[in-house]
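Q: What follows is query_6.txt, made up of compact mmCIF, C-alpha atoms:
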# COMPACT_ATOMS: atom_id res chain seq x y z
CA MET A 1119 -16.22 87.15 -54.88
CA SER A 1120 -18.31 84.61 -52.99
CA CYS A 1121 -16.71 81.31 -52.07
CA PHE A 1122 -19.78 79.68 -53.64
CA GLU A 1123 -19.32 81.25 -57.07
CA GLY A 1124 -19.01 78.58 -59.74
CA LYS A 1125 -19.31 75.84 -57.12
CA VAL A 1126 -21.97 73.13 -56.85
CA ALA A 1127 -24.30 73.26 -53.85
CA VAL A 1128 -26.82 70.56 -52.94
CA ILE A 1129 -29.87 71.63 -50.93
CA THR A 1130 -32.53 69.34 -49.50
CA GLY A 1131 -35.85 70.84 -48.48
CA ALA A 1132 -35.28 73.33 -51.29
CA GLY A 1133 -38.96 73.71 -52.09
CA ALA A 1134 -39.83 76.00 -49.17
CA GLY A 1135 -38.65 77.85 -46.09
CA ILE A 1136 -34.97 78.08 -45.27
CA GLY A 1137 -34.08 75.62 -48.04
CA ARG A 1138 -35.67 77.77 -50.73
CA ALA A 1139 -34.15 80.95 -49.30
CA LEU A 1140 -30.72 79.30 -49.34
CA ALA A 1141 -31.22 78.22 -52.95
CA VAL A 1142 -32.11 81.74 -54.06
CA GLU A 1143 -29.26 83.35 -52.14
CA LEU A 1144 -26.74 80.83 -53.45
CA ALA A 1145 -28.03 81.48 -56.97
CA ARG A 1146 -27.34 85.18 -56.41
CA ARG A 1147 -23.81 84.26 -55.32
CA GLY A 1148 -23.15 82.37 -58.53
CA ALA A 1149 -23.51 78.77 -57.35
CA ARG A 1150 -24.70 75.88 -59.51
CA LEU A 1151 -27.49 74.09 -57.73
CA SER A 1152 -28.78 70.58 -57.11
CA LEU A 1153 -32.18 71.13 -55.52
CA LEU A 1154 -34.01 68.27 -53.81
CA ASP A 1155 -37.49 68.12 -52.29
CA HIS A 1156 -40.42 65.71 -52.07
CA ASP A 1157 -42.84 68.52 -53.01
CA ALA A 1158 -42.83 68.84 -56.80
CA ASP A 1159 -44.72 72.15 -56.85
CA GLY A 1160 -42.49 73.79 -54.28
CA LEU A 1161 -39.39 72.52 -56.05
CA GLU A 1162 -40.63 73.88 -59.36
CA GLU A 1163 -41.13 77.33 -57.82
CA ALA A 1164 -37.67 77.30 -56.24
CA THR A 1165 -36.15 76.25 -59.56
CA ARG A 1166 -37.98 79.03 -61.39
CA ARG A 1167 -36.68 81.67 -58.97
CA CYS A 1168 -33.10 80.44 -59.16
CA GLU A 1169 -33.09 80.13 -62.94
CA ALA A 1170 -34.52 83.65 -63.22
CA ILE A 1171 -31.38 84.85 -61.46
CA GLY A 1172 -29.28 82.94 -63.98
CA ALA A 1173 -28.29 79.86 -61.99
CA GLN A 1174 -27.81 76.41 -63.48
CA VAL A 1175 -30.23 74.15 -61.64
CA LEU A 1176 -30.68 70.40 -61.46
CA ALA A 1177 -34.03 69.80 -59.73
CA GLN A 1178 -34.95 66.33 -58.49
CA VAL A 1179 -38.10 65.23 -56.65
CA VAL A 1180 -36.93 62.86 -53.94
CA ASP A 1181 -37.83 61.86 -50.38
CA VAL A 1182 -34.74 62.15 -48.18
CA THR A 1183 -35.77 58.97 -46.36
CA ASP A 1184 -35.34 57.00 -49.61
CA TRP A 1185 -31.70 55.83 -49.59
CA ASP A 1186 -31.78 54.60 -53.19
CA GLY A 1187 -33.36 57.86 -54.32
CA ILE A 1188 -30.81 59.99 -52.51
CA GLN A 1189 -27.94 57.94 -53.95
CA ALA A 1190 -29.37 58.41 -57.44
CA ALA A 1191 -29.73 62.15 -56.88
CA ALA A 1192 -26.11 62.38 -55.70
CA ALA A 1193 -24.90 60.48 -58.75
CA ALA A 1194 -26.91 62.77 -61.03
CA ALA A 1195 -25.44 65.88 -59.41
CA LYS A 1196 -21.92 64.56 -59.90
CA ALA A 1197 -22.58 63.56 -63.51
CA GLU A 1198 -24.53 66.61 -64.66
CA LEU A 1199 -22.94 69.37 -62.60
CA GLY A 1200 -19.41 68.01 -62.47
CA GLY A 1201 -19.14 67.31 -58.75
CA VAL A 1202 -20.39 68.56 -55.40
CA ASP A 1203 -18.71 71.23 -53.27
CA SER A 1204 -21.24 71.82 -50.51
CA VAL A 1205 -24.28 70.10 -49.04
CA PHE A 1206 -27.07 71.86 -47.14
CA ALA A 1207 -29.21 69.17 -45.50
CA ALA A 1208 -32.16 71.43 -44.67
CA ALA A 1209 -35.15 69.09 -45.07
CA GLY A 1210 -37.16 68.74 -41.88
CA THR A 1211 -40.51 68.06 -40.26
CA ILE A 1212 -42.04 68.40 -36.79
CA HIS A 1213 -44.55 66.70 -34.51
CA ARG A 1214 -46.27 68.03 -31.39
CA GLY A 1215 -47.79 65.85 -28.72
CA SER A 1216 -47.01 63.98 -25.53
CA LEU A 1217 -45.44 60.56 -25.89
CA LEU A 1218 -48.55 59.00 -24.38
CA ASP A 1219 -50.88 60.55 -26.94
CA SER A 1220 -48.65 60.39 -30.04
CA ASP A 1221 -48.79 57.73 -32.71
CA VAL A 1222 -45.53 55.83 -33.13
CA ALA A 1223 -45.72 56.40 -36.89
CA ASP A 1224 -45.58 60.19 -36.37
CA ILE A 1225 -42.56 59.89 -34.08
CA GLU A 1226 -40.78 57.59 -36.51
CA ARG A 1227 -41.48 59.94 -39.42
CA VAL A 1228 -39.80 62.84 -37.60
CA MET A 1229 -36.73 60.74 -36.84
CA ALA A 1230 -36.68 59.39 -40.39
CA VAL A 1231 -36.73 62.82 -42.06
CA ASN A 1232 -34.73 64.91 -39.60
CA TRP A 1233 -32.06 62.40 -38.63
CA ARG A 1234 -31.94 59.49 -41.08
CA GLY A 1235 -32.70 61.66 -44.12
CA LEU A 1236 -29.97 64.10 -43.13
CA MET A 1237 -27.48 61.26 -42.62
CA TYR A 1238 -28.44 59.74 -45.99
CA THR A 1239 -27.96 63.09 -47.70
CA VAL A 1240 -24.54 63.68 -46.20
CA LYS A 1241 -23.31 60.13 -46.73
CA ALA A 1242 -24.48 59.95 -50.35
CA HIS A 1243 -22.66 63.16 -51.27
CA LEU A 1244 -19.65 62.95 -48.95
CA ALA A 1245 -17.24 61.18 -51.32
CA ALA A 1246 -17.79 63.88 -53.94
CA VAL A 1247 -17.42 66.67 -51.39
CA THR A 1248 -14.10 65.27 -50.16
CA HIS A 1249 -12.77 65.62 -53.72
CA SER A 1250 -13.67 69.32 -53.73
CA LYS A 1251 -10.95 71.84 -52.97
CA ASP A 1252 -13.48 73.84 -50.95
CA GLY A 1253 -15.82 71.29 -49.35
CA ARG A 1254 -18.52 72.18 -46.88
CA ILE A 1255 -21.16 70.07 -45.12
CA VAL A 1256 -24.01 71.99 -43.51
CA THR A 1257 -26.41 70.22 -41.16
CA PHE A 1258 -29.53 71.57 -39.52
CA SER A 1259 -30.25 71.05 -35.85
CA SER A 1260 -32.38 73.60 -33.97
CA ALA A 1261 -32.61 75.57 -30.76
CA TYR A 1262 -34.56 72.42 -29.83
CA GLY A 1263 -31.28 70.56 -30.33
CA LEU A 1264 -29.78 72.57 -27.47
CA VAL A 1265 -32.60 72.34 -24.93
CA ALA A 1266 -35.66 70.12 -24.75
CA THR A 1267 -39.28 71.17 -24.24
CA PRO A 1268 -42.40 69.16 -23.41
CA LYS A 1269 -44.55 67.74 -26.21
CA TYR A 1270 -41.70 67.89 -28.72
CA SER A 1271 -39.79 64.76 -27.70
CA ALA A 1272 -39.62 63.43 -31.28
CA TYR A 1273 -38.36 66.73 -32.69
CA ASN A 1274 -35.96 67.25 -29.77
CA SER A 1275 -34.60 63.74 -30.20
CA SER A 1276 -33.99 64.19 -33.91
CA LYS A 1277 -32.27 67.55 -33.46
CA PHE A 1278 -30.09 66.38 -30.57
CA ALA A 1279 -29.09 63.47 -32.83
CA VAL A 1280 -28.14 65.87 -35.64
CA ARG A 1281 -26.01 67.85 -33.22
CA GLY A 1282 -24.09 64.74 -32.13
CA PHE A 1283 -23.73 63.51 -35.70
CA SER A 1284 -22.37 66.86 -36.84
CA GLU A 1285 -19.83 67.18 -34.05
CA SER A 1286 -18.57 63.64 -34.65
CA LEU A 1287 -18.35 64.17 -38.41
CA ARG A 1288 -16.49 67.45 -38.00
CA GLN A 1289 -13.82 65.60 -36.02
CA GLU A 1290 -13.66 62.78 -38.58
CA LEU A 1291 -13.07 65.27 -41.39
CA ALA A 1292 -10.48 67.40 -39.59
CA GLY A 1293 -7.51 67.88 -41.87
CA THR A 1294 -9.36 66.88 -45.04
CA GLY A 1295 -10.28 70.41 -46.11
CA VAL A 1296 -13.99 69.67 -45.60
CA SER A 1297 -15.70 71.66 -42.87
CA VAL A 1298 -18.90 70.76 -41.04
CA THR A 1299 -21.21 73.52 -39.86
CA CYS A 1300 -24.24 72.73 -37.70
CA VAL A 1301 -27.03 75.32 -37.89
CA PHE A 1302 -29.30 76.02 -34.91
CA PRO A 1303 -32.31 78.04 -36.08
CA GLY A 1304 -34.71 79.59 -33.61
CA GLY A 1305 -38.16 80.68 -34.72
CA VAL A 1306 -38.11 81.20 -38.50
CA ARG A 1307 -41.16 82.14 -40.56
CA THR A 1308 -41.63 78.85 -42.39
CA SER A 1309 -44.52 76.42 -42.79
CA ILE A 1310 -42.89 73.63 -40.74
CA VAL A 1311 -45.38 73.81 -37.85
CA ARG A 1312 -48.38 74.35 -40.13
CA ASN A 1313 -47.35 71.26 -42.12
CA GLY A 1314 -46.38 69.19 -39.09
CA SER A 1315 -48.27 66.37 -37.41
CA PHE A 1316 -50.20 66.65 -34.16
CA ALA A 1317 -51.23 64.12 -31.54
CA SER A 1318 -54.87 63.66 -30.68
CA GLY A 1319 -56.08 66.34 -28.30
CA GLU A 1320 -53.68 69.00 -29.61
CA ASN A 1321 -55.28 72.16 -30.99
CA ARG A 1322 -53.53 72.55 -34.34
CA ASP A 1323 -54.90 76.02 -35.06
CA THR A 1324 -53.89 77.40 -31.67
CA VAL A 1325 -50.37 75.97 -31.89
CA VAL A 1326 -49.83 77.20 -35.46
CA ARG A 1327 -51.19 80.66 -34.63
CA GLY A 1328 -48.98 80.92 -31.55
CA PHE A 1329 -45.88 79.88 -33.47
CA GLU A 1330 -46.50 82.22 -36.38
CA LYS A 1331 -47.40 85.23 -34.21
CA ARG A 1332 -45.08 84.89 -31.22
CA VAL A 1333 -42.19 82.57 -32.10
CA ALA A 1334 -41.38 82.85 -35.81
CA ARG A 1335 -39.68 86.24 -35.88
CA THR A 1336 -36.85 85.62 -38.35
CA GLU A 1337 -37.51 85.73 -42.09
CA PRO A 1338 -36.10 82.84 -44.16
CA GLU A 1339 -34.04 85.26 -46.24
CA GLU A 1340 -32.38 86.65 -43.11
CA ALA A 1341 -31.75 83.11 -41.91
CA ALA A 1342 -30.12 82.20 -45.22
CA THR A 1343 -27.77 85.18 -45.06
CA THR A 1344 -26.77 84.36 -41.48
CA ILE A 1345 -26.19 80.72 -42.35
CA LEU A 1346 -24.05 81.43 -45.40
CA SER A 1347 -21.96 83.93 -43.47
CA GLY A 1348 -21.12 81.26 -40.90
CA VAL A 1349 -20.57 78.57 -43.51
CA GLU A 1350 -18.17 80.80 -45.44
CA ARG A 1351 -16.13 81.16 -42.24
CA ARG A 1352 -16.32 77.38 -41.65
CA ARG A 1353 -17.89 77.90 -38.22
CA ALA A 1354 -18.70 74.78 -36.23
CA ARG A 1355 -22.02 76.28 -35.08
CA VAL A 1356 -24.31 78.96 -36.48
CA PHE A 1357 -27.18 80.31 -34.38
CA VAL A 1358 -30.05 81.87 -36.31
CA GLY A 1359 -32.09 84.49 -34.48
CA ALA A 1360 -31.86 86.17 -31.09
CA ASP A 1361 -33.93 83.37 -29.57
CA ALA A 1362 -31.46 80.70 -30.67
CA ARG A 1363 -28.55 82.73 -29.31
CA LEU A 1364 -30.34 83.19 -25.98
CA VAL A 1365 -31.05 79.47 -25.72
CA ALA A 1366 -27.39 78.69 -26.48
CA VAL A 1367 -26.26 81.01 -23.68
CA LEU A 1368 -28.79 79.49 -21.28
CA GLU A 1369 -27.65 75.95 -22.06
CA ARG A 1370 -24.01 76.89 -21.66
CA LEU A 1371 -24.52 78.68 -18.34
CA VAL A 1372 -26.85 76.32 -16.50
CA GLY A 1373 -26.42 72.96 -18.23
CA GLY A 1374 -29.09 70.42 -17.35
CA HIS A 1375 -30.68 72.78 -14.83
CA TYR A 1376 -32.31 74.60 -17.76
CA GLN A 1377 -35.29 72.23 -17.51
CA GLY A 1378 -36.62 74.10 -14.51
CA LEU A 1379 -36.23 77.40 -16.35
CA VAL A 1380 -37.99 76.57 -19.62
CA PRO A 1381 -41.35 78.19 -18.66
CA ALA A 1382 -39.62 81.41 -17.51
CA VAL A 1383 -37.53 81.62 -20.69
CA GLY A 1384 -40.65 81.14 -22.80
CA GLN A 1385 -42.32 84.04 -21.02
CA LEU A 1386 -39.21 86.22 -21.45
CA LEU A 1387 -39.04 85.50 -25.16
CA GLY A 1388 -42.75 86.24 -25.49
CA ARG A 1389 -42.36 89.65 -23.84
CA ARG A 1390 -39.34 90.54 -25.99
CA GLN A 1391 -41.12 89.49 -29.16
CA ARG A 1392 -44.26 91.50 -28.28
CA ARG A 1393 -42.15 94.61 -27.65
CA SER A 1394 -40.20 94.18 -30.89
CA GLY A 1395 -43.44 93.56 -32.80
Represent the structure contained in this file as structure tokens.
A:
Amino acid sequence: MSCFEGKVAVITGAGAGIGRALAVELARRGARLSLLDHDADGLEEATRRCEAIGAQVLAQVVDVTDWDGIQAAAAAAKAELGGVDSVFAAAGTIHRGSLLDSDVADIERVMAVNWRGLMYTVKAHLAAVTHSKDGRIVTFSSAYGLVATPKYSAYNSSKFAVRGFSESLRQELAGTGVSVTCVFPGGVRTSIVRNGSFASGENRDTVVRGFEKRVARTEPEEAATTILSGVERRRARVFVGADARLVAVLERLVGGHYQGLVPAVGQLLGRRQRRSG
């Protein structure tokens, strides 16, 4: 029996990518679902897939950066599903470009979705989760929350912030029965880069093609299975993909000196991915 069977799981970013894969896998494991996304069409498709499996689904179109909207969604989940047992704050966005060439609005949007939206989601649902006998909070950082790379300062900043938030919250909730798991995905086959923003002078097509062909090696369904395995065990950290595990080892071994090794690691990962492909 899955620990999620009969329990209520909230998922943001449920309309696509890892969020949708988590929704479908949790439906298979017998969870009742509160699915949130700003994309109505994607949310409708995720809902259809989960309901086809037999899951009870409450789908709500909401922007995670809207505090009032997130509060209302949390209240609806509690009222209509009877409570909240776990929260998967998977919504995210990305921006590529140097600080000099990037618009401030693009940088602020990344921070708003990836950091503030995640914090809103967790805070709005936390009181309900603490009343669960089996509470779990799941946050989403990234391999980019372990090491930084050029032209992704906004994304790096947001994911480092999620990492710090998660580690602090895990300590706050020690002894309450609520665990906090921070997920660090590597390259997963989602549309996040394709749907991201780009500074002037960046070649969108080249970046997207490079990500989808050379970096995104893990399927969302595989990522969801890995994540849920770690969450079930109440792990503090879950690394998704060989690339994320390699980055974690690098960061642990060399600390801040990794910055001089980033180009070499990128070449190593490229060679490994070409051989495996």
Q: Could you tell me which of A:Gly1282, A:Gly1201, A:Gly1328, A:Gly1373 comes closest to Leu1244 in chain A if we count all atoms listed in the file?
A: A:Gly1201
Q: Record the distance separating CA of Val1182 in chain A and CA of Arg1167 in chain A, expressed in Å with one decimal.
A: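 Calculated distance between CA of Val1182 in chain A and CA of Arg1167 in chain A is 22.4 Å.
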Q: Just want the 7 Å neighbourhood of Asp1361 in chain A, counted on all atoms listed in the file, with same-chain residues fewer than 3 positions away dropped. Output as a list in words.
A: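 In the requested form, the answer reads Gly1304, Leu1364 and Val1365 of chain A.
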Q: Limited to C-alpha atoms, could you put the picked residues into a file as a PDB file, in the coordinates of the input?
A:
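And here is the file that came out, out.pdb:
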ATOM      1  CA  GLY A1304     -34.710  79.590 -33.610  1.00  0.00           C
ATOM      2  CA  LEU A1364     -30.340  83.190 -25.980  1.00  0.00           C
ATOM      3  CA  VAL A1365     -31.050  79.470 -25.720  1.00  0.00           C
TER       4      VAL A1365
END
Q: Please report the interatomic distance between CA of Phe1329 in chain A and CA of Thr1267 in chain A in Å with one decimal.
A: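 Separation between CA of Phe1329 in chain A and CA of Thr1267 in chain A: 14.3 Å.
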Q: Rank A:Glu1162, A:Asp1157, A:Glu1290, A:Asp1219 by their smallest atom-to-atom distance to Val1175 in chain A, using all atoms listed in the file, and report the top residue only.
A: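 Ranked by minimum distance to Val1175 in chain A, first place goes to A:Glu1162.
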Q: Quick check, in Å to one decimal: how far apart do CA of Gln1178 in chain A and CA of Leu1154 in chain A lie?
A: 5.2 Å
Q: Pick out the closest residue to Ala1360 in chain A from this set: A:Ala1164, A:Asn1321, A:Ala1341, A:Lys1196. Count only C-alpha atoms.
A: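 Closest to Ala1360 in chain A, using only C-alpha atoms: A:Ala1341.
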